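Data block for my_file.cif (mmCIF, C-alpha atoms):
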data_start
#
loop_
_atom_site.group_PDB
_atom_site.id
_atom_site.type_symbol
_atom_site.label_atom_id
_atom_site.label_comp_id
_atom_site.auth_asym_id
_atom_site.auth_seq_id
_atom_site.Cartn_x
_atom_site.Cartn_y
_atom_site.Cartn_z
ATOM 1 C CA ILE A 1 0.000 0.000 0.000
ATOM 2 C CA MET A 2 1.494 3.346 -1.066
ATOM 3 C CA LYS A 3 1.204 6.211 1.314
ATOM 4 C CA ALA A 4 0.502 9.671 -0.068
ATOM 5 C CA LYS A 5 3.100 12.294 0.766
ATOM 6 C CA ILE A 6 1.800 15.720 1.640
ATOM 7 C CA PHE A 7 4.183 18.673 1.248
ATOM 8 C CA VAL A 8 3.321 21.789 3.177
ATOM 9 C CA PRO A 9 5.293 24.902 2.261
ATOM 10 C CA ILE A 10 7.414 25.894 5.213
ATOM 11 C CA LEU A 11 6.315 29.535 4.903
ATOM 12 C CA SER A 12 2.676 28.478 5.406
ATOM 13 C CA VAL A 13 3.606 26.609 8.585
ATOM 14 C CA ILE A 14 5.512 29.590 9.919
ATOM 15 C CA LEU A 15 2.609 31.917 9.131
ATOM 16 C CA VAL A 16 0.046 29.726 10.908
ATOM 17 C CA VAL A 17 2.221 29.310 13.995
ATOM 18 C CA SER A 18 2.923 33.044 14.154
ATOM 19 C CA LEU A 19 -0.764 33.905 14.000
ATOM 20 C CA LEU A 20 -1.660 31.441 16.750
ATOM 21 C CA VAL A 21 1.107 32.673 19.030
ATOM 22 C CA SER A 22 0.193 36.320 18.514
ATOM 23 C CA GLY A 23 -3.411 35.741 19.507
ATOM 24 C CA TYR A 24 -4.971 36.315 16.066
ATOM 25 C CA SER A 25 -7.993 34.433 14.860
ATOM 26 C CA ILE A 26 -8.473 34.216 11.120
ATOM 27 C CA PHE A 27 -11.855 34.960 9.576
ATOM 28 C CA GLY A 28 -13.525 34.362 12.934
ATOM 29 C CA GLY A 29 -11.908 30.923 13.272
ATOM 30 C CA PHE A 30 -12.272 29.099 16.525
ATOM 31 C CA GLY A 31 -15.477 31.023 17.093
ATOM 32 C CA GLY A 32 -13.762 34.375 17.538
ATOM 33 C CA GLU A 33 -13.637 37.627 15.582
ATOM 34 C CA VAL A 34 -10.779 38.983 13.541
ATOM 35 C CA SER A 35 -8.770 41.123 15.930
ATOM 36 C CA ILE A 36 -5.341 42.581 16.517
ATOM 37 C CA ASP A 37 -3.875 43.000 19.974
ATOM 38 C CA PRO A 38 -2.745 46.646 20.199
ATOM 39 C CA ASN A 39 -0.031 45.584 22.612
ATOM 40 C CA ASN A 40 1.614 43.663 19.804
ATOM 41 C CA VAL A 41 1.572 46.578 17.323
ATOM 42 C CA GLU A 42 4.380 49.080 17.076
ATOM 43 C CA ILE A 43 3.972 52.171 14.875
ATOM 44 C CA VAL A 44 7.219 53.535 13.489
ATOM 45 C CA THR A 45 7.420 56.951 11.824
ATOM 46 C CA ASN A 46 10.299 58.404 9.883
ATOM 47 C CA ASN A 47 9.822 61.952 8.667
ATOM 48 C CA ASP A 48 12.851 61.655 6.396
ATOM 49 C CA ASN A 49 10.975 59.162 4.230
ATOM 50 C CA MET A 50 7.779 61.195 3.930
ATOM 51 C CA VAL A 51 9.062 63.260 1.002
ATOM 52 C CA ALA A 52 10.035 61.669 -2.308
ATOM 53 C CA LYS A 53 13.629 62.226 -3.239
ATOM 54 C CA GLU A 54 15.026 62.573 -6.762
ATOM 55 C CA HIS A 55 18.113 60.721 -7.810
ATOM 56 C CA PRO A 56 20.923 63.271 -8.310
ATOM 57 C CA ASP A 57 21.662 61.879 -11.783
ATOM 58 C CA PHE A 58 18.183 62.970 -12.921
ATOM 59 C CA THR A 59 18.094 66.328 -11.150
ATOM 60 C CA VAL A 60 18.721 69.292 -13.439
ATOM 61 C CA GLU A 61 19.464 72.680 -11.962
ATOM 62 C CA GLU A 62 17.532 75.609 -13.339
ATOM 63 C CA VAL A 63 19.632 77.766 -15.623
ATOM 64 C CA GLU A 64 19.262 81.524 -15.635
ATOM 65 C CA ILE A 65 19.578 82.551 -19.272
ATOM 66 C CA ILE A 66 21.010 86.062 -19.562
ATOM 67 C CA PRO A 67 20.700 87.534 -23.059
ATOM 68 C CA PRO A 68 23.367 89.778 -24.569
ATOM 69 C CA GLU A 69 23.231 93.500 -23.819
ATOM 70 C CA GLY A 70 20.779 95.464 -25.919
ATOM 71 C CA THR A 71 17.549 94.710 -27.809
ATOM 72 C CA ASN A 72 16.816 91.819 -30.139
ATOM 73 C CA ILE A 73 16.089 93.698 -33.366
ATOM 74 C CA ALA A 74 15.612 90.501 -35.426
ATOM 75 C CA LEU A 75 12.325 89.612 -33.732
ATOM 76 C CA GLY A 76 9.514 89.454 -36.305
ATOM 77 C CA LYS A 77 11.737 90.633 -39.165
ATOM 78 C CA ALA A 78 11.857 89.188 -42.678
ATOM 79 C CA VAL A 79 13.900 86.004 -42.878
ATOM 80 C CA SER A 80 14.890 83.645 -45.696
ATOM 81 C CA ASP A 81 16.855 80.444 -46.289
ATOM 82 C CA ASN A 82 18.254 78.313 -49.075
ATOM 83 C CA GLY A 83 15.988 75.391 -48.187
ATOM 84 C CA PHE A 84 14.116 73.906 -45.246
ATOM 85 C CA GLN A 85 12.977 70.527 -43.975
ATOM 86 C CA ASP A 86 9.312 69.570 -43.596
ATOM 87 C CA VAL A 87 7.398 72.274 -41.637
ATOM 88 C CA TYR A 88 10.486 73.843 -40.060
ATOM 89 C CA VAL A 89 10.413 77.049 -42.062
ATOM 90 C CA ALA A 90 12.624 80.106 -41.705
ATOM 91 C CA LYS A 91 10.014 82.350 -40.057
ATOM 92 C CA ASN A 92 10.009 80.030 -37.025
ATOM 93 C CA ALA A 93 13.467 81.388 -36.200
ATOM 94 C CA VAL A 94 12.248 84.944 -35.540
ATOM 95 C CA ASP A 95 8.850 84.378 -33.896
ATOM 96 C CA GLY A 96 10.080 84.699 -30.310
ATOM 97 C CA ASN A 97 9.174 81.080 -29.520
ATOM 98 C CA THR A 98 11.605 78.226 -28.782
ATOM 99 C CA ASP A 99 9.009 75.588 -27.853
ATOM 100 C CA GLY A 100 7.879 72.483 -29.707
ATOM 101 C CA ALA A 101 8.138 72.579 -33.482
ATOM 102 C CA SER A 102 8.853 76.305 -33.656
ATOM 103 C CA TYR A 103 12.311 76.071 -35.177
ATOM 104 C CA TRP A 104 14.033 76.234 -38.534
ATOM 105 C CA GLU A 105 15.864 73.259 -40.004
ATOM 106 C CA GLY A 106 17.793 73.330 -43.253
ATOM 107 C CA MET A 107 17.617 70.706 -45.971
ATOM 108 C CA ASN A 108 19.026 67.418 -44.689
ATOM 109 C CA GLY A 109 22.598 66.775 -45.777
ATOM 110 C CA GLU A 110 22.671 69.720 -48.186
ATOM 111 C CA TYR A 111 25.302 71.904 -46.563
ATOM 112 C CA PRO A 112 25.780 74.746 -46.321
ATOM 113 C CA ASN A 113 22.358 75.520 -44.843
ATOM 114 C CA GLU A 114 21.853 79.272 -44.924
ATOM 115 C CA LEU A 115 19.522 81.336 -42.756
ATOM 116 C CA THR A 116 19.386 85.094 -43.373
ATOM 117 C CA VAL A 117 17.541 87.816 -41.486
ATOM 118 C CA ASP A 118 16.807 91.270 -42.915
ATOM 119 C CA LEU A 119 16.877 93.870 -40.140
ATOM 120 C CA GLY A 120 14.998 96.320 -42.382
ATOM 121 C CA ALA A 121 17.667 99.019 -42.197
ATOM 122 C CA PRO A 122 21.372 99.251 -41.349
ATOM 123 C CA ALA A 123 21.943 98.906 -37.600
ATOM 124 C CA SER A 124 24.891 98.719 -35.249
ATOM 125 C CA ILE A 125 24.929 95.218 -33.734
ATOM 126 C CA ASN A 126 26.986 93.871 -30.835
ATOM 127 C CA ALA A 127 25.941 90.215 -30.680
ATOM 128 C CA VAL A 128 24.092 87.356 -32.328
ATOM 129 C CA ARG A 129 22.484 84.647 -30.219
ATOM 130 C CA ILE A 130 21.304 81.290 -31.580
ATOM 131 C CA LEU A 131 18.827 79.307 -29.470
ATOM 132 C CA LEU A 132 17.504 75.760 -29.623
ATOM 133 C CA CYS A 133 14.551 74.375 -27.678
ATOM 134 C CA PRO A 134 15.670 74.304 -24.002
ATOM 135 C CA LEU A 135 13.991 70.969 -23.165
ATOM 136 C CA GLN A 136 16.226 68.045 -22.162
ATOM 137 C CA ILE A 137 14.940 65.973 -25.080
ATOM 138 C CA TRP A 138 17.031 68.295 -27.249
ATOM 139 C CA GLY A 139 20.274 66.665 -26.144
ATOM 140 C CA LYS A 140 23.668 68.301 -26.295
ATOM 141 C CA ARG A 141 25.051 68.827 -29.795
ATOM 142 C CA THR A 142 27.671 70.805 -31.683
ATOM 143 C CA GLN A 143 26.747 72.911 -34.694
ATOM 144 C CA LYS A 144 29.294 74.384 -37.053
ATOM 145 C CA PHE A 145 28.484 77.673 -38.725
ATOM 146 C CA SER A 146 29.915 80.976 -39.893
ATOM 147 C CA VAL A 147 28.418 84.474 -39.686
ATOM 148 C CA SER A 148 28.286 86.860 -42.644
ATOM 149 C CA THR A 149 26.829 90.347 -43.063
ATOM 150 C CA SER A 150 25.621 92.418 -46.007
ATOM 151 C CA ASP A 151 24.303 95.884 -46.777
ATOM 152 C CA ASP A 152 22.384 94.912 -49.933
ATOM 153 C CA GLY A 153 21.351 91.290 -49.319
ATOM 154 C CA THR A 154 23.432 90.095 -52.273
ATOM 155 C CA ASN A 155 27.073 90.633 -51.450
ATOM 156 C CA PHE A 156 28.005 89.058 -48.117
ATOM 157 C CA THR A 157 31.217 89.328 -46.127
ATOM 158 C CA GLU A 158 32.200 86.647 -43.636
ATOM 159 C CA VAL A 159 32.795 88.324 -40.267
ATOM 160 C CA VAL A 160 33.096 85.171 -38.124
ATOM 161 C CA ALA A 161 34.798 82.117 -39.592
ATOM 162 C CA ASN A 162 33.189 78.697 -39.603
ATOM 163 C CA LYS A 163 33.622 76.919 -36.246
ATOM 164 C CA GLY A 164 31.848 74.585 -33.866
ATOM 165 C CA TYR A 165 29.528 75.832 -31.113
ATOM 166 C CA GLU A 166 28.234 73.590 -28.342
ATOM 167 C CA PHE A 167 24.511 73.635 -27.562
ATOM 168 C CA ASP A 168 23.634 72.062 -24.213
ATOM 169 C CA PRO A 169 20.192 72.186 -22.517
ATOM 170 C CA LYS A 170 21.994 72.283 -19.161
ATOM 171 C CA THR A 171 23.322 75.726 -20.093
ATOM 172 C CA GLY A 172 20.346 77.076 -22.015
ATOM 173 C CA ASN A 173 20.906 75.338 -25.380
ATOM 174 C CA GLN A 174 22.360 78.499 -26.857
ATOM 175 C CA ALA A 175 25.419 79.970 -28.519
ATOM 176 C CA VAL A 176 26.409 83.644 -28.501
ATOM 177 C CA VAL A 177 28.649 85.408 -30.995
ATOM 178 C CA ASN A 178 29.853 88.809 -29.755
ATOM 179 C CA PHE A 179 31.125 91.650 -31.941
ATOM 180 C CA ASP A 180 33.764 93.941 -30.478
ATOM 181 C CA PRO A 181 33.896 96.454 -32.013
ATOM 182 C CA GLU A 182 30.257 96.555 -33.100
ATOM 183 C CA ILE A 183 29.284 95.945 -36.731
ATOM 184 C CA THR A 184 26.920 98.030 -38.808
ATOM 185 C CA THR A 185 24.848 95.949 -41.212
ATOM 186 C CA ARG A 186 21.349 95.286 -42.503
ATOM 187 C CA TYR A 187 21.531 91.539 -43.235
ATOM 188 C CA VAL A 188 22.913 88.779 -41.015
ATOM 189 C CA ARG A 189 23.450 85.284 -42.388
ATOM 190 C CA LEU A 190 24.321 82.016 -40.658
ATOM 191 C CA SER A 191 25.876 79.318 -42.858
ATOM 192 C CA PHE A 192 25.758 75.856 -41.264
ATOM 193 C CA THR A 193 28.175 73.106 -42.265
ATOM 194 C CA GLY A 194 27.574 70.507 -39.545
ATOM 195 C CA ASN A 195 25.360 69.351 -36.683
ATOM 196 C CA THR A 196 26.149 66.374 -34.432
ATOM 197 C CA GLY A 197 22.493 66.178 -33.354
ATOM 198 C CA ALA A 198 20.847 66.179 -36.795
ATOM 199 C CA SER A 199 21.695 66.117 -40.485
ATOM 200 C CA ALA A 200 21.128 69.848 -41.010
ATOM 201 C CA GLY A 201 21.434 73.187 -39.237
ATOM 202 C CA GLN A 202 18.775 73.978 -36.637
ATOM 203 C CA VAL A 203 17.710 77.308 -35.100
ATOM 204 C CA ALA A 204 14.776 77.864 -32.752
ATOM 205 C CA GLU A 205 15.558 81.591 -32.521
ATOM 206 C CA LEU A 206 18.029 83.791 -34.348
ATOM 207 C CA GLU A 207 18.501 86.938 -32.275
ATOM 208 C CA VAL A 208 20.489 89.996 -33.303
ATOM 209 C CA TYR A 209 21.274 92.522 -30.575
ATOM 210 C CA SER A 210 21.746 96.253 -30.808
ATOM 211 C CA LYS A 211 22.482 98.536 -27.836
#
Here is a file; write its structure as structure tokens.
Amino acid sequence: IMKAKIFVPILSVILVVSLLVSGYSIFGGFGGEVSIDPNNVEIVTNNDNMVAKEHPDFTVEEVEIIPPEGTNIALGKAVSDNGFQDVYVAKNAVDGNTDGASYWEGMNGEYPNELTVDLGAPASINAVRILLCPLQIWGKRTQKFSVSTSDDGTNFTEVVANKGYEFDPKTGNQAVVNFDPEITTRYVRLSFTGNTGASAGQVAELEVYSK
């Protein structure tokens, strides 16, 4: 005659014994009600754990973005390019908005990508600032571009040679080109030749400052 073997999980045995020793009755078992002896309950509080804490690797300090001295005279002015991608047209670069899809992007892989703003009249300028969307999703990248100026919109003179500028959302996702001494011009053109974050030049705002 074979005897059946019954295996009882050890955790179940421990649980049952613990409940009996502590004076609990389960679901009114043994004719009693479900109860907990307050003498066997200890309440522990820890105020340090009441507030959620962020991991330092995911905590980003707020950056105070200080614009160049003067007034942005490119805001709302006429702007043109030598090509754009999808809906990222040139006028997005002078609308005062750096959020979402409000940016210009040149034709993919067709360098140089040129973006030109017409200030409307000759003006003395002391700086150009290029902004990308400040959100973290716009990761750090390096864009290479030169700056040229013109009085007639046809003949341009390079005033800042082509070089790489780092754009990092941790520092405002911006690059500033200062002119000392100041330059008098009507047209300002950026000519992009590289972008480590995309296959074309990108500008959320092209700002030209005059004191």
Legend entry - Contacts of A:Pro67 within 10 Å, all atoms listed in the file, excl. fewer than 3 positions in-chain, as a VMD selection string: chain A and resid 64 70 to 72 127 to 129 174 176 207 209
Legend entry - the PyMOL selection byres ((chain A and resi 159-169) around 10) resolved against shown file, as an MDAnalysis selection string: chainID A and resid 60 63 130:149 156:158 170:179 183 188 190:197
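Put simply, atom CA of A:Asp95 is 27.9 Å away from atom CA of A:Pro181.
If all atoms listed in the file are the atoms counted, then among A:Gly201, A:Asp151, A:Arg186, A:Ile125 the closest residue to A:Asn82 is A:Gly201.
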Inset, instruction - Can you give me, as number ranges by chain, the residues this file yields under the PyMOL selection byres ((chain A and resi 200) around 6)? - result: A: 106, 108-109, 198-199, 201
Name the residues, using the chain letters and numbers of the file, that sit within 6 Å of (20.4, 82.1, -42.5) when counting only C-alpha atoms, and give them as a tab-separated table (two decimals) with C-alpha atoms, keeping the file's coordinate frame.
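See point34.tsv below for the written result:
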chain	number	residue	atom	x	y	z
A	81	ASP	CA	16.86	80.44	-46.29
A	114	GLU	CA	21.85	79.27	-44.92
A	115	LEU	CA	19.52	81.34	-42.76
A	116	THR	CA	19.39	85.09	-43.37
A	189	ARG	CA	23.45	85.28	-42.39
A	190	LEU	CA	24.32	82.02	-40.66
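The space separating atom CA of A:Tyr88 from atom CA of A:Glu69 comes to 28.5 Å.
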Inset, instruction - To one decimal in Å, tell me the separation between atom CA of A:Asp118 and atom CA of A:Ser80. - result: 8.3 Å
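In terms of minimum interatomic distance to A:Val94, A:Ala204 ranks closest within A:Pro68, A:Pro112, A:Ala204, A:Pro122, counting all atoms listed in the file.
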Inset, instruction - Select, from A:Ala121, A:Lys211, A:Thr154, A:Phe84, the residue with the minimum atom-to-atom distance to A:Tyr103, counting only C-alpha atoms. - result: A:Phe84
Put a box with edges along x, y and z around all the listed atoms of stretch 194-209 of chain A, pad it by 4 Å on each side, then give me its centre and sizes in Å, one decimal, as JSON.
{"center_x": 21.2, "center_y": 79.3, "center_z": -35.8, "size_x": 20.8, "size_y": 34.4, "size_z": 18.4}
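Using all atoms listed in the file, the shortest contact distance between A:Gly76 and any of A:Glu105, A:Thr184, A:Asn113, A:Glu205 is found at A:Glu205.
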Because some atoms of stretch 110-129 of chain A are absent here, can you restore N, CA, C and O atoms and send them as a CSV table (one decimal), keeping the file's coordinate frame?
chain,number,residue,atom,x,y,z
A,110,GLU,N,22.3,68.8,-47.1
A,110,GLU,CA,22.7,69.7,-48.2
A,110,GLU,C,23.4,71.0,-47.7
A,110,GLU,O,22.9,72.1,-47.7
A,111,TYR,N,24.5,70.8,-47.1
A,111,TYR,CA,25.3,71.9,-46.6
A,111,TYR,C,25.9,72.7,-47.7
A,111,TYR,O,26.3,72.1,-48.7
A,112,PRO,N,26.1,74.0,-47.5
A,112,PRO,CA,25.8,74.7,-46.3
A,112,PRO,C,24.3,75.1,-46.3
A,112,PRO,O,23.7,75.3,-47.3
A,113,ASN,N,23.7,75.1,-45.1
A,113,ASN,CA,22.4,75.5,-44.8
A,113,ASN,C,22.4,77.0,-44.4
A,113,ASN,O,23.1,77.3,-43.4
A,114,GLU,N,21.8,77.8,-45.2
A,114,GLU,CA,21.9,79.3,-44.9
A,114,GLU,C,20.5,79.8,-44.4
A,114,GLU,O,19.5,79.5,-44.9
A,115,LEU,N,20.7,80.7,-43.4
A,115,LEU,CA,19.5,81.3,-42.8
A,115,LEU,C,19.9,82.8,-42.7
A,115,LEU,O,20.9,83.2,-42.0
A,116,THR,N,19.1,83.7,-43.3
A,116,THR,CA,19.4,85.1,-43.4
A,116,THR,C,18.2,85.9,-42.9
A,116,THR,O,17.1,85.7,-43.2
A,117,VAL,N,18.6,86.9,-42.0
A,117,VAL,CA,17.5,87.8,-41.5
A,117,VAL,C,17.8,89.2,-42.0
A,117,VAL,O,19.0,89.7,-42.1
A,118,ASP,N,16.7,89.9,-42.4
A,118,ASP,CA,16.8,91.3,-42.9
A,118,ASP,C,16.3,92.2,-41.8
A,118,ASP,O,15.2,92.1,-41.4
A,119,LEU,N,17.2,93.0,-41.3
A,119,LEU,CA,16.9,93.9,-40.1
A,119,LEU,C,16.0,95.1,-40.6
A,119,LEU,O,15.6,95.8,-39.7
A,120,GLY,N,15.8,95.2,-41.9
A,120,GLY,CA,15.0,96.3,-42.4
A,120,GLY,C,15.7,97.6,-42.7
A,120,GLY,O,15.3,98.4,-43.6
A,121,ALA,N,16.8,97.8,-42.0
A,121,ALA,CA,17.7,99.0,-42.2
A,121,ALA,C,19.0,98.7,-41.5
A,121,ALA,O,19.1,97.9,-40.6
A,122,PRO,N,20.1,99.4,-42.0
A,122,PRO,CA,21.4,99.3,-41.3
A,122,PRO,C,21.3,99.6,-39.8
A,122,PRO,O,20.6,100.5,-39.4
A,123,ALA,N,21.9,98.7,-39.1
A,123,ALA,CA,21.9,98.9,-37.6
A,123,ALA,C,23.3,98.5,-37.0
A,123,ALA,O,24.0,97.6,-37.6
A,124,SER,N,23.7,99.1,-35.9
A,124,SER,CA,24.9,98.7,-35.2
A,124,SER,C,24.6,97.5,-34.3
A,124,SER,O,23.7,97.7,-33.4
A,125,ILE,N,25.2,96.4,-34.5
A,125,ILE,CA,24.9,95.2,-33.7
A,125,ILE,C,26.2,94.8,-32.9
A,125,ILE,O,27.3,95.0,-33.3
A,126,ASN,N,25.9,94.3,-31.7
A,126,ASN,CA,27.0,93.9,-30.8
A,126,ASN,C,27.0,92.4,-30.6
A,126,ASN,O,28.0,91.9,-30.0
A,127,ALA,N,26.0,91.7,-30.9
A,127,ALA,CA,25.9,90.2,-30.7
A,127,ALA,C,24.9,89.5,-31.5
A,127,ALA,O,23.8,90.1,-31.8
A,128,VAL,N,25.1,88.2,-31.7
A,128,VAL,CA,24.1,87.4,-32.3
A,128,VAL,C,24.0,86.2,-31.4
A,128,VAL,O,25.0,85.6,-30.9
A,129,ARG,N,22.7,85.8,-31.1
A,129,ARG,CA,22.5,84.6,-30.2
A,129,ARG,C,21.6,83.6,-31.0
A,129,ARG,O,20.6,84.0,-31.5
